file final_4.tsv (TSV, C-alpha atoms)
chain	number	residue	atom	x	y	z
A	1	MET	CA	48.01	-24.74	20.30
A	2	LYS	CA	46.33	-24.41	23.71
A	3	ARG	CA	49.66	-24.40	25.54
A	4	SER	CA	50.99	-21.78	23.11
A	5	ILE	CA	47.99	-19.52	23.80
A	6	LEU	CA	48.48	-20.07	27.54
A	7	ALA	CA	52.08	-18.89	27.25
A	8	LEU	CA	50.98	-15.79	25.35
A	9	ALA	CA	48.17	-15.15	27.86
A	10	SER	CA	50.79	-15.26	30.62
A	11	GLY	CA	52.65	-12.43	28.88
A	12	ALA	CA	49.41	-10.49	28.47
A	13	PHE	CA	48.81	-10.89	32.22
A	14	ILE	CA	52.14	-9.25	33.05
A	15	LEU	CA	51.56	-6.27	30.79
A	16	GLY	CA	47.96	-5.81	31.88
A	17	ALA	CA	48.93	-5.87	35.55
A	18	ALA	CA	51.96	-3.61	35.04
A	19	GLU	CA	49.79	-1.06	33.23
A	20	PHE	CA	46.94	-0.84	35.74
A	21	VAL	CA	48.47	-1.76	39.11
A	22	MET	CA	49.98	1.72	39.52
A	23	MET	CA	46.46	3.17	39.83
A	24	GLY	CA	45.88	1.06	42.94
A	25	ILE	CA	49.23	1.71	44.63
A	26	LEU	CA	49.64	5.38	43.73
A	27	PRO	CA	49.36	6.78	47.29
A	28	GLN	CA	52.00	4.41	48.68
A	29	THR	CA	54.31	5.01	45.72
A	30	ALA	CA	53.96	8.78	46.06
A	31	ALA	CA	54.84	8.59	49.76
A	32	ALA	CA	57.87	6.40	49.12
A	33	MET	CA	59.17	8.66	46.34
A	34	GLN	CA	58.32	11.79	48.38
A	35	VAL	CA	56.17	13.37	45.66
A	36	SER	CA	52.56	14.57	45.50
A	37	ILE	CA	49.73	12.41	44.16
A	38	PRO	CA	49.47	14.50	40.94
A	39	ALA	CA	53.23	14.13	40.42
A	40	ALA	CA	52.97	10.39	41.02
A	41	GLY	CA	50.39	10.31	38.22
A	42	HIS	CA	53.33	10.78	35.87
A	43	TYR	CA	54.29	7.16	36.58
A	44	ILE	CA	51.12	6.17	34.72
A	45	SER	CA	51.89	8.56	31.87
A	46	ALA	CA	55.47	7.27	31.60
A	47	TYR	CA	54.16	3.77	30.95
A	48	ALA	CA	51.77	5.06	28.27
A	49	ILE	CA	54.61	6.92	26.53
A	50	GLY	CA	56.65	3.72	26.60
A	51	VAL	CA	53.79	1.89	24.87
A	52	CYS	CA	53.90	4.35	21.98
A	53	VAL	CA	57.70	4.46	21.63
A	54	GLY	CA	57.97	0.67	21.88
A	55	THR	CA	56.26	0.26	18.53
A	56	LEU	CA	59.64	1.15	16.98
A	57	ILE	CA	60.83	-2.29	18.08
A	58	LEU	CA	58.53	-3.75	15.44
A	59	VAL	CA	59.67	-1.30	12.78
A	60	PHE	CA	63.27	-2.45	13.10
A	61	GLY	CA	62.49	-6.04	14.13
A	62	ARG	CA	60.24	-6.90	11.20
A	63	LYS	CA	62.58	-9.69	10.03
A	64	VAL	CA	62.71	-11.33	13.45
A	65	PRO	CA	60.54	-14.44	14.01
A	66	PRO	CA	57.51	-13.53	16.17
A	67	LYS	CA	58.44	-16.07	18.87
A	68	ASN	CA	61.82	-14.38	19.34
A	69	LEU	CA	60.10	-10.99	19.57
A	70	ILE	CA	57.87	-12.26	22.37
A	71	ILE	CA	60.94	-13.46	24.28
A	72	LEU	CA	62.55	-10.04	23.80
A	73	PHE	CA	59.42	-8.33	25.13
A	74	MET	CA	59.49	-10.49	28.26
A	75	ILE	CA	63.15	-9.60	28.83
A	76	ILE	CA	62.25	-5.90	28.66
A	77	ALA	CA	59.30	-6.48	31.04
A	78	LEU	CA	61.67	-8.28	33.42
A	79	VAL	CA	64.11	-5.37	33.40
A	80	GLY	CA	61.43	-2.67	33.71
A	81	ASN	CA	59.57	-4.28	36.61
A	82	THR	CA	62.79	-5.15	38.42
A	83	LEU	CA	63.93	-1.52	38.19
A	84	SER	CA	60.48	-0.41	39.40
A	85	ALA	CA	60.78	-2.65	42.44
A	86	VAL	CA	64.19	-1.26	43.45
A	87	SER	CA	63.71	2.41	42.46
A	88	PHE	CA	65.11	4.76	45.10
A	89	ASN	CA	63.90	8.09	43.68
A	90	SER	CA	61.23	9.50	41.39
A	91	PRO	CA	63.34	9.92	38.22
A	92	MET	CA	64.44	6.29	38.45
A	93	LEU	CA	60.85	5.08	38.83
A	94	LEU	CA	59.77	7.23	35.88
A	95	ALA	CA	62.48	5.62	33.73
A	96	ALA	CA	61.55	2.15	34.98
A	97	ARG	CA	57.88	2.68	34.14
A	98	PHE	CA	58.84	3.92	30.67
A	99	ILE	CA	60.90	0.75	30.10
A	100	SER	CA	58.04	-1.41	31.40
A	101	GLY	CA	55.69	0.12	28.83
A	102	LEU	CA	57.98	-0.40	25.84
A	103	PRO	CA	56.89	-3.99	25.03
A	104	HIS	CA	53.16	-3.48	25.63
A	105	GLY	CA	51.76	-2.50	22.24
A	106	ALA	CA	54.39	-4.46	20.33
A	107	PHE	CA	53.58	-7.58	22.37
A	108	PHE	CA	49.86	-7.51	21.62
A	109	GLY	CA	50.47	-6.91	17.92
A	110	THR	CA	52.87	-9.86	17.76
A	111	ALA	CA	50.85	-12.16	20.03
A	112	THR	CA	47.70	-11.50	17.97
A	113	LEU	CA	49.53	-12.59	14.82
A	114	ILE	CA	50.77	-15.80	16.49
A	115	ALA	CA	47.36	-16.61	17.98
A	116	LYS	CA	45.66	-16.05	14.61
A	117	THR	CA	48.25	-18.17	12.79
A	118	LEU	CA	47.97	-21.10	15.22
A	119	ALA	CA	44.15	-21.07	15.41
A	120	ASP	CA	41.88	-23.59	13.77
A	121	LYS	CA	40.19	-22.21	10.68
A	122	GLY	CA	37.15	-20.16	11.58
A	123	LYS	CA	38.23	-19.79	15.24
A	124	GLU	CA	40.79	-17.02	14.87
A	125	ALA	CA	38.92	-14.54	17.05
A	126	GLN	CA	38.44	-17.07	19.85
A	127	SER	CA	42.18	-17.77	19.79
A	128	VAL	CA	42.96	-14.05	20.03
A	129	SER	CA	40.38	-13.58	22.80
A	130	MET	CA	42.00	-16.35	24.88
A	131	MET	CA	45.35	-14.61	24.57
A	132	VAL	CA	43.78	-11.28	25.60
A	133	THR	CA	42.14	-13.06	28.56
A	134	GLY	CA	45.52	-12.81	30.28
A	135	GLN	CA	45.09	-9.04	30.37
A	136	THR	CA	41.53	-9.25	31.68
A	137	VAL	CA	42.54	-11.73	34.40
A	138	ALA	CA	45.24	-9.24	35.39
A	139	ASN	CA	42.51	-6.66	35.98
A	140	MET	CA	40.35	-9.17	37.85
A	141	LEU	CA	43.04	-10.63	40.12
A	142	GLY	CA	46.45	-9.07	39.54
A	143	VAL	CA	45.56	-5.42	40.14
A	144	PRO	CA	43.50	-6.00	43.33
A	145	ALA	CA	46.20	-8.37	44.62
A	146	GLY	CA	48.88	-5.75	43.94
A	147	THR	CA	46.79	-3.16	45.79
A	148	LEU	CA	46.41	-5.43	48.82
A	149	LEU	CA	50.13	-6.27	48.81
A	150	SER	CA	50.90	-2.57	48.79
A	151	GLU	CA	48.64	-1.92	51.77
A	152	MET	CA	49.76	-4.95	53.82
A	153	LEU	CA	53.45	-5.30	52.90
A	154	SER	CA	55.08	-3.14	50.22
A	155	TRP	CA	54.22	-1.70	46.81
A	156	ARG	CA	57.65	-2.89	45.64
A	157	LEU	CA	56.55	-6.50	46.06
A	158	ALA	CA	53.93	-6.11	43.31
A	159	PHE	CA	56.61	-5.20	40.76
A	160	ALA	CA	58.98	-7.90	42.04
A	161	ILE	CA	56.33	-10.56	41.46
A	162	LEU	CA	55.69	-9.24	37.93
A	163	ALA	CA	59.43	-9.44	37.20
A	164	ALA	CA	59.51	-13.07	38.35
A	165	TRP	CA	56.38	-13.75	36.27
A	166	ALA	CA	58.13	-12.35	33.20
A	167	LEU	CA	61.00	-14.78	33.74
A	168	MET	CA	58.57	-17.69	34.04
A	169	THR	CA	56.77	-16.58	30.88
A	170	MET	CA	60.05	-16.58	28.94
A	171	VAL	CA	60.44	-20.26	29.82
A	172	LEU	CA	56.85	-21.01	28.78
A	173	VAL	CA	57.28	-19.23	25.43
A	174	ILE	CA	60.56	-21.01	24.69
A	175	THR	CA	59.00	-24.38	25.57
A	176	TRP	CA	55.46	-24.11	24.21
A	177	VAL	CA	55.28	-21.57	21.39
A	178	PRO	CA	56.29	-23.07	18.02
A	179	PHE	CA	58.22	-21.32	15.29
A	180	VAL	CA	56.12	-18.91	13.25
A	181	ALA	CA	57.67	-17.44	10.13
A	182	PRO	CA	58.38	-13.70	10.13
A	183	ILE	CA	55.92	-11.53	8.29
A	184	LYS	CA	56.60	-10.43	4.73
A	185	ASP	CA	59.37	-7.82	4.68
A	186	ALA	CA	57.69	-4.85	3.06
A	187	GLY	CA	60.36	-2.40	4.21
A	188	ILE	CA	59.90	0.37	6.74
A	189	LYS	CA	57.51	2.34	4.54
A	190	GLY	CA	55.57	-0.75	3.55
A	191	GLN	CA	54.82	-1.57	7.19
A	192	PHE	CA	52.67	1.56	7.39
A	193	ARG	CA	51.00	1.22	3.98
A	194	PHE	CA	47.77	0.00	5.57
A	195	LEU	CA	47.28	3.52	6.96
A	196	THR	CA	46.71	4.82	3.43
A	197	HIS	CA	43.29	3.10	3.49
A	198	ALA	CA	40.25	4.43	5.31
A	199	GLY	CA	39.21	1.19	7.05
A	200	PRO	CA	41.98	1.04	9.67
A	201	TRP	CA	41.37	4.67	10.63
A	202	PHE	CA	37.72	3.87	11.41
A	203	ILE	CA	38.90	1.12	13.76
A	204	LEU	CA	41.64	3.16	15.45
A	205	MET	CA	39.35	6.15	15.96
A	206	ALA	CA	36.76	3.81	17.46
A	207	VAL	CA	39.34	2.37	19.87
A	208	PHE	CA	40.47	5.86	20.85
A	209	CYS	CA	36.97	7.31	21.28
A	210	GLY	CA	35.59	4.20	23.00
A	211	ASN	CA	38.36	4.17	25.56
A	212	SER	CA	38.25	7.94	26.04
A	213	GLY	CA	34.55	7.68	26.86
A	214	ILE	CA	34.92	4.79	29.29
A	215	PHE	CA	37.95	6.26	31.05
A	216	CYS	CA	36.08	9.50	31.74
A	217	TRP	CA	34.32	7.32	34.30
A	218	TRP	CA	36.81	4.49	34.95
A	219	SER	CA	39.61	6.84	36.03
A	220	TYR	CA	37.43	7.94	38.96
A	221	ILE	CA	35.65	4.68	39.72
A	222	SER	CA	36.93	4.41	43.29
A	223	PRO	CA	35.47	7.72	44.55
A	224	TRP	CA	32.35	7.14	42.37
A	225	LEU	CA	31.70	3.83	44.12
A	226	GLN	CA	32.10	5.42	47.52
A	227	LYS	CA	30.32	8.75	47.02
A	228	VAL	CA	27.55	7.66	44.61
A	229	GLY	CA	27.17	4.00	45.54
A	230	GLY	CA	27.79	4.31	49.26
A	231	TRP	CA	30.44	1.59	49.32
A	232	ASP	CA	33.06	1.55	52.06
A	233	SER	CA	36.63	2.02	50.80
A	234	SER	CA	37.56	-1.46	52.06
A	235	MET	CA	35.10	-2.97	49.54
A	236	VAL	CA	36.58	-1.22	46.49
A	237	PRO	CA	39.19	-3.97	45.77
A	238	LEU	CA	36.39	-6.57	45.68
A	239	LEU	CA	34.42	-4.41	43.27
A	240	MET	CA	37.54	-4.20	41.10
A	241	VAL	CA	37.48	-8.00	41.04
A	242	LEU	CA	33.85	-7.78	39.88
A	243	ALA	CA	34.87	-5.37	37.10
A	244	GLY	CA	37.70	-7.70	36.13
A	245	PHE	CA	35.31	-10.66	36.04
A	246	GLY	CA	33.16	-8.67	33.62
A	247	MET	CA	36.25	-8.01	31.48
A	248	VAL	CA	37.08	-11.73	31.36
A	249	LEU	CA	33.56	-12.71	30.33
A	250	GLY	CA	33.43	-9.84	27.84
A	251	GLY	CA	36.68	-10.87	26.21
A	252	ILE	CA	35.57	-14.48	25.81
A	253	ALA	CA	32.10	-13.53	24.55
A	254	GLY	CA	33.54	-11.04	22.07
A	255	GLY	CA	35.84	-13.67	20.59
A	256	ARG	CA	33.05	-16.21	20.16
A	257	LEU	CA	30.60	-13.74	18.63
A	258	THR	CA	33.24	-12.43	16.23
A	259	ASP	CA	33.80	-15.92	14.79
A	260	LEU	CA	30.04	-16.30	14.32
A	261	TRP	CA	29.28	-12.78	13.08
A	262	LYS	CA	31.37	-9.76	12.02
A	263	PRO	CA	34.32	-8.18	13.90
A	264	GLY	CA	33.28	-4.59	13.20
A	265	ALA	CA	29.65	-5.19	14.11
A	266	THR	CA	30.67	-7.07	17.26
A	267	ALA	CA	32.92	-4.20	18.34
A	268	GLY	CA	30.12	-1.73	17.57
A	269	LEU	CA	27.73	-3.69	19.80
A	270	SER	CA	30.32	-3.55	22.56
A	271	GLN	CA	30.71	0.22	22.30
A	272	ALA	CA	26.92	0.59	22.31
A	273	ILE	CA	26.74	-1.35	25.59
A	274	ALA	CA	29.40	0.96	27.04
A	275	THR	CA	27.52	4.05	25.87
A	276	VAL	CA	24.32	2.88	27.55
A	277	GLY	CA	26.27	2.10	30.71
A	278	LEU	CA	27.79	5.59	30.81
A	279	LEU	CA	24.37	7.19	30.33
A	280	LEU	CA	23.08	5.13	33.26
A	281	VAL	CA	26.00	6.38	35.37
A	282	PHE	CA	24.59	9.87	34.82
A	283	PHE	CA	20.86	9.21	35.07
A	284	VAL	CA	20.66	6.54	37.82
A	285	PRO	CA	20.80	8.07	41.33
A	286	GLY	CA	23.08	5.29	42.52
A	287	ASN	CA	23.14	2.76	45.37
A	288	LEU	CA	25.06	-0.36	46.32
A	289	VAL	CA	23.31	-2.58	43.77
A	290	THR	CA	23.18	-0.26	40.75
A	291	THR	CA	26.82	0.83	41.02
A	292	ALA	CA	27.95	-2.79	41.28
A	293	VAL	CA	25.87	-3.74	38.22
A	294	LEU	CA	27.24	-0.82	36.20
A	295	THR	CA	30.80	-1.66	37.25
A	296	PHE	CA	30.33	-5.17	35.86
A	297	MET	CA	28.46	-3.99	32.75
A	298	ILE	CA	31.01	-1.41	31.61
A	299	GLY	CA	33.90	-3.73	32.48
A	300	PHE	CA	32.24	-6.35	30.25
A	301	ALA	CA	31.95	-3.84	27.39
A	302	LEU	CA	35.55	-2.63	27.75
A	303	PHE	CA	37.02	-5.97	26.64
A	304	PHE	CA	34.10	-7.33	24.61
A	305	ASN	CA	35.58	-5.41	21.68
A	306	SER	CA	39.23	-6.32	22.28
A	307	SER	CA	39.64	-9.42	20.11
A	308	PRO	CA	37.53	-8.17	17.14
A	309	GLN	CA	39.44	-4.89	17.00
A	310	GLN	CA	42.84	-6.60	17.32
A	311	LEU	CA	41.86	-9.10	14.63
A	312	LEU	CA	40.59	-6.40	12.27
A	313	MET	CA	43.83	-4.45	12.50
A	314	VAL	CA	46.07	-7.47	11.94
A	315	GLN	CA	43.92	-8.28	8.89
A	316	ALA	CA	44.22	-4.67	7.73
A	317	GLY	CA	48.01	-4.85	7.89
A	318	GLU	CA	48.35	-8.01	5.78
A	319	GLY	CA	51.32	-7.85	3.46
A	320	GLY	CA	53.97	-6.68	5.91
A	321	GLY	CA	52.19	-4.37	8.34
A	322	GLU	CA	50.47	-6.95	10.56
A	323	LEU	CA	52.60	-6.32	13.67
A	324	ILE	CA	52.46	-2.52	13.45
A	325	ALA	CA	48.70	-2.63	12.83
A	326	GLY	CA	48.14	-4.84	15.87
A	327	ALA	CA	50.30	-2.59	18.04
A	328	ALA	CA	48.42	0.49	16.82
A	329	VAL	CA	45.33	-0.72	18.70
A	330	GLN	CA	47.22	-0.54	21.99
A	331	ILE	CA	48.55	2.93	21.16
A	332	ALA	CA	45.03	4.18	20.49
A	333	PHE	CA	43.86	2.40	23.66
A	334	ASN	CA	46.45	4.19	25.83
A	335	PHE	CA	45.87	7.59	24.24
A	336	GLY	CA	42.18	7.08	24.95
A	337	ASN	CA	42.96	6.32	28.60
A	338	ALA	CA	44.92	9.55	28.97
A	339	VAL	CA	42.36	11.78	27.20
A	340	GLY	CA	39.43	10.20	29.03
A	341	SER	CA	41.04	10.86	32.40
A	342	ILE	CA	41.56	14.52	31.49
A	343	VAL	CA	38.00	14.99	30.19
A	344	GLY	CA	36.50	13.23	33.19
A	345	GLY	CA	38.58	15.36	35.55
A	346	ALA	CA	37.44	18.52	33.78
A	347	ALA	CA	33.80	17.41	34.14
A	348	LEU	CA	34.29	16.90	37.87
A	349	THR	CA	35.91	20.31	38.27
A	350	ALA	CA	33.12	22.01	36.33
A	351	THR	CA	30.37	20.35	38.39
A	352	ALA	CA	31.85	20.70	41.89
A	353	MET	CA	32.91	17.02	41.96
A	354	ASN	CA	29.58	15.54	40.89
A	355	TYR	CA	30.63	12.01	39.88
A	356	HIS	CA	27.49	11.41	37.84
A	357	TYR	CA	28.87	13.78	35.22
A	358	THR	CA	31.80	11.49	34.40
A	359	GLY	CA	29.21	9.32	32.65
A	360	LEU	CA	27.66	12.24	30.80
A	361	ALA	CA	31.10	13.42	29.67
A	362	GLY	CA	32.04	9.97	28.39
A	363	ALA	CA	28.81	8.88	26.68
A	364	PRO	CA	28.97	11.20	23.63
A	365	ILE	CA	32.60	10.24	23.01
A	366	ALA	CA	31.75	6.53	23.22
A	367	LEU	CA	28.83	7.15	20.84
A	368	ILE	CA	31.31	8.38	18.23
A	369	ALA	CA	32.99	4.96	18.48
A	370	VAL	CA	29.65	3.27	17.81
A	371	ILE	CA	29.10	5.43	14.72
A	372	MET	CA	32.62	4.69	13.46
A	373	LEU	CA	32.19	0.94	13.80
A	374	VAL	CA	28.68	0.85	12.30
A	375	THR	CA	29.98	2.84	9.33
A	376	TYR	CA	32.95	0.51	8.99
A	377	SER	CA	30.77	-2.59	9.12
A	378	ARG	CA	28.34	-1.28	6.50
A	379	ARG	CA	31.20	-0.35	4.14
A	380	TYR	CA	33.48	-3.37	4.48
A	381	GLU	CA	31.70	-6.32	6.09
A	382	THR	CA	29.47	-7.60	3.33
A	383	HIS	CA	29.78	-11.31	4.22
A	384	THR	CA	28.07	-12.95	7.17
A	385	GLY	CA	30.20	-16.09	7.03
A	386	ALA	CA	33.27	-15.53	9.23
A	387	THR	CA	35.54	-17.79	7.18
A	388	GLU	CA	34.62	-16.16	3.88
A	389	ARG	CA	35.04	-12.69	5.37
A	390	MET	CA	38.51	-13.39	6.72
A	391	ARG	CA	39.62	-14.74	3.37
A	392	GLU	CA	38.12	-12.16	1.02
A	393	VAL	CA	37.56	-8.81	2.70
A	394	HIS	CA	40.55	-6.48	2.76
A	395	VAL	CA	40.60	-3.02	4.26
call {"tool": "encode", "arguments": {"input": "final_4.tsv", "output": "structure tokens"}}
result
Amino acid sequence: MKRSILALASGAFILGAAEFVMMGILPQTAAAMQVSIPAAGHYISAYAIGVCVGTLILVFGRKVPPKNLIILFMIIALVGNTLSAVSFNSPMLLAARFISGLPHGAFFGTATLIAKTLADKGKEAQSVSMMVTGQTVANMLGVPAGTLLSEMLSWRLAFAILAAWALMTMVLVITWVPFVAPIKDAGIKGQFRFLTHAGPWFILMAVFCGNSGIFCWWSYISPWLQKVGGWDSSMVPLLMVLAGFGMVLGGIAGGRLTDLWKPGATAGLSQAIATVGLLLVFFVPGNLVTTAVLTFMIGFALFFNSSPQQLLMVQAGEGGGELIAGAAVQIAFNFGNAVGSIVGGAALTATAMNYHYTGLAGAPIALIAVIMLVTYSRRYETHTGATERMREVHV
């Protein structure tokens, strides 16, 4: 089981790095493609659109064994990152980024199902959190490494390495991940039946609002660290490692607490931590120490809720919608990223580039996520025993 989770975590690493590395190499990419920085921002949007469209793979691949789906996702990641590495103009890179995003949401929905199925009873959330750790490690090591490669050698090398990693992951999945039976075929309509219940909407709205709030600040973390914290630009990659370390610890802690407590309540606690962090971004004047602490704190909160929310949605989709439900978390996550960046940018424009206001803009949105999850937990999570809850509570 451990080797299977390692193989899945390797896939999560690729997708996490592919999603976020563009933010660190945007200036070099823009120069190479001969476009402006705002135009190069479309390479980030193209990936997010791919995440949403890629969910259709699960709609039409519902009869395919999950292991085979994971292999297919790695093939798509291989193609997308290879095309990104060799792109010779902006339209080609846009298309390559779109292809790279196609497997993202579908992968996490499928990998969550496999991790949950292979886990020991009562340790489902820990199993999911270890799979998601691949994505957090990507933020801790992969994204800063890609940024340094771009500055020292070439931005193309970052995508080339991810393509090679995808090929390696295919071998690991084929070798280490056992056969898992396909989910119940409920038909195309049946895959979305879980959305007729209120519970999943509480979770998805919490994911969307929580990420929107955090990304009001996260999208502008580099200039915030420099202008508010006083950090030199050369230190920003190291602070990104610190944020990534917080994400890793948050992901592991969230998985363990979920198995001991309640997924919805655990996710609500995470969003509450993020809300407090965003308020501190606004109220604390800022120096080297406080900005570093807040970078770690909010990074911790960002992935503390990952495994409980993924697990809740897979549970919500039981009966044929598990994969779509798991993928829906990633769709809400990416929409939140996009909206948060826009709201944070508007706050900066309205306040003459006062970076404290990215926290004030994000905190009320994150607070909505807390309210959603507290409401969900009070309505649906009536058992304190994790094993009993997973067996009996249906949303």
call {"tool": "residues_around", "arguments": {"input": "final_4.tsv", "residues": "Phe202 in chain A", "least_positions_apart": "2", "cutoff": "8 Å", "atoms": "all atoms listed in the file", "output": "ChimeraX atom specification"}}
result
/A:198-200,204-206,372-373,376
call {"tool": "write_last_selection", "arguments": {"input": "final_4.tsv", "atoms": "C-alpha atoms", "output": "mmCIF file, keeping the file's coordinate frame"}}
result
data_model
loop_
_atom_site.group_PDB
_atom_site.id
_atom_site.type_symbol
_atom_site.label_atom_id
_atom_site.label_comp_id
_atom_site.auth_asym_id
_atom_site.auth_seq_id
_atom_site.Cartn_x
_atom_site.Cartn_y
_atom_site.Cartn_z
ATOM 1 C CA ALA A 198 40.250 4.430 5.310
ATOM 2 C CA GLY A 199 39.210 1.190 7.050
ATOM 3 C CA PRO A 200 41.980 1.040 9.670
ATOM 4 C CA LEU A 204 41.640 3.160 15.450
ATOM 5 C CA MET A 205 39.350 6.150 15.960
ATOM 6 C CA ALA A 206 36.760 3.810 17.460
ATOM 7 C CA MET A 372 32.620 4.690 13.460
ATOM 8 C CA LEU A 373 32.190 0.940 13.800
ATOM 9 C CA TYR A 376 32.950 0.510 8.990
#
call {"tool": "residues_around", "arguments": {"input": "final_4.tsv", "residues": "His356 in chain A", "least_positions_apart": "6", "cutoff": "8 Å", "atoms": "only C-alpha atoms", "output": "JSON, numbers by chain"}}
result
{"A": [224, 228, 281, 282, 283]}
call {"tool": "closest_residue", "arguments": {"input": "final_4.tsv", "among": "A:Leu72, A:Leu239, A:Leu323, A:Leu162", "to": "Ile114 in chain A", "atoms": "all atoms listed in the file"}}
result
A:Leu323
call {"tool": "closest_residue", "arguments": {"input": "final_4.tsv", "among": "A:Ser341, A:Asn334, A:Asn211, A:Ser10", "to": "Ala301 in chain A", "atoms": "only C-alpha atoms"}}
result
A:Asn211
call {"tool": "closest_atom_pairs", "arguments": {"input": "final_4.tsv", "of": "range 127-217 of chain A", "to": "range 28-32 of chain A", "cutoff": "12 Å", "atoms": "all atoms listed in the file", "output": "Markdown table"}}
result
| residue | atom | partner | partner_atom | distance |
| --- | --- | --- | --- | --- |
| A:Gly146 | CA | A:Gln28 | CA | 11.6 |
| A:Thr147 | CA | A:Gln28 | CA | 9.6 |
| A:Leu148 | CA | A:Gln28 | CA | 11.3 |
| A:Leu149 | CA | A:Gln28 | CA | 10.8 |
| A:Ser150 | CA | A:Gln28 | CA | 7.1 |
| A:Glu151 | CA | A:Gln28 | CA | 7.8 |
| A:Met152 | CA | A:Gln28 | CA | 10.9 |
| A:Leu153 | CA | A:Gln28 | CA | 10.7 |
| A:Ser154 | CA | A:Gln28 | CA | 8.3 |
| A:Trp155 | CA | A:Gln28 | CA | 6.8 |
| A:Arg156 | CA | A:Thr29 | CA | 8.6 |
| A:Leu157 | CA | A:Thr29 | CA | 11.7 |
| A:Ala158 | CA | A:Thr29 | CA | 11.4 |
| A:Phe159 | CA | A:Thr29 | CA | 11.6 |
call {"tool": "write_last_selection", "arguments": {"input": "final_4.tsv", "atoms": "C-alpha atoms", "output": "tab-separated table (two decimals), in the coordinates of the input"}}
result
chain	number	residue	atom	x	y	z
A	146	GLY	CA	48.88	-5.75	43.94
A	147	THR	CA	46.79	-3.16	45.79
A	148	LEU	CA	46.41	-5.43	48.82
A	149	LEU	CA	50.13	-6.27	48.81
A	150	SER	CA	50.90	-2.57	48.79
A	151	GLU	CA	48.64	-1.92	51.77
A	152	MET	CA	49.76	-4.95	53.82
A	153	LEU	CA	53.45	-5.30	52.90
A	154	SER	CA	55.08	-3.14	50.22
A	155	TRP	CA	54.22	-1.70	46.81
A	156	ARG	CA	57.65	-2.89	45.64
A	157	LEU	CA	56.55	-6.50	46.06
A	158	ALA	CA	53.93	-6.11	43.31
A	159	PHE	CA	56.61	-5.20	40.76
call {"tool": "atom_distance", "arguments": {"input": "final_4.tsv", "atom1": "CA of Ile371 in chain A", "atom2": "CA of Gly268 in chain A"}}
result
7.8 Å
call {"tool": "residues_near_point", "arguments": {"input": "final_4.tsv", "point": "(62.2, 8.0, 46.8)", "cutoff": "12 Å", "atoms": "only C-alpha atoms", "output": "list in words"}}
result
Gln28, Thr29, Ala30, Ala31, Ala32, Met33, Gln34, Val35, Ser36, Ala40, Ser84, Ala85, Val86, Ser87, Phe88, Asn89, Ser90, Pro91, Met92, Leu93, Leu94 and Arg156 of chain A
call {"tool": "residues_around", "arguments": {"input": "final_4.tsv", "residues": "Asn305 in chain A", "least_positions_apart": "2", "cutoff": "10 Å", "atoms": "all atoms listed in the file", "output": "PDB file with C-alpha atoms, in the frame of the given file"}}
result
ATOM      1  CA  SER A 129      40.380 -13.580  22.800  1.00  0.00           C
ATOM      2  CA  VAL A 207      39.340   2.370  19.870  1.00  0.00           C
ATOM      3  CA  GLY A 210      35.590   4.200  23.000  1.00  0.00           C
ATOM      4  CA  GLY A 250      33.430  -9.840  27.840  1.00  0.00           C
ATOM      5  CA  GLY A 251      36.680 -10.870  26.210  1.00  0.00           C
ATOM      6  CA  ILE A 252      35.570 -14.480  25.810  1.00  0.00           C
ATOM      7  CA  ALA A 253      32.100 -13.530  24.550  1.00  0.00           C
ATOM      8  CA  GLY A 254      33.540 -11.040  22.070  1.00  0.00           C
ATOM      9  CA  GLY A 255      35.840 -13.670  20.590  1.00  0.00           C
ATOM     10  CA  THR A 258      33.240 -12.430  16.230  1.00  0.00           C
ATOM     11  CA  PRO A 263      34.320  -8.180  13.900  1.00  0.00           C
ATOM     12  CA  GLY A 264      33.280  -4.590  13.200  1.00  0.00           C
ATOM     13  CA  ALA A 265      29.650  -5.190  14.110  1.00  0.00           C
ATOM     14  CA  THR A 266      30.670  -7.070  17.260  1.00  0.00           C
ATOM     15  CA  ALA A 267      32.920  -4.200  18.340  1.00  0.00           C
ATOM     16  CA  GLY A 268      30.120  -1.730  17.570  1.00  0.00           C
ATOM     17  CA  LEU A 269      27.730  -3.690  19.800  1.00  0.00           C
ATOM     18  CA  SER A 270      30.320  -3.550  22.560  1.00  0.00           C
ATOM     19  CA  GLN A 271      30.710   0.220  22.300  1.00  0.00           C
ATOM     20  CA  PHE A 300      32.240  -6.350  30.250  1.00  0.00           C
ATOM     21  CA  ALA A 301      31.950  -3.840  27.390  1.00  0.00           C
ATOM     22  CA  LEU A 302      35.550  -2.630  27.750  1.00  0.00           C
ATOM     23  CA  PHE A 303      37.020  -5.970  26.640  1.00  0.00           C
ATOM     24  CA  SER A 307      39.640  -9.420  20.110  1.00  0.00           C
ATOM     25  CA  PRO A 308      37.530  -8.170  17.140  1.00  0.00           C
ATOM     26  CA  GLN A 309      39.440  -4.890  17.000  1.00  0.00           C
ATOM     27  CA  GLN A 310      42.840  -6.600  17.320  1.00  0.00           C
TER      28      GLN A 310
END
call {"tool": "residues_around", "arguments": {"input": "final_4.tsv", "residues": "His104 in chain A", "least_positions_apart": "2", "cutoff": "8 Å", "atoms": "all atoms listed in the file", "output": "count of residues only"}}
result
11
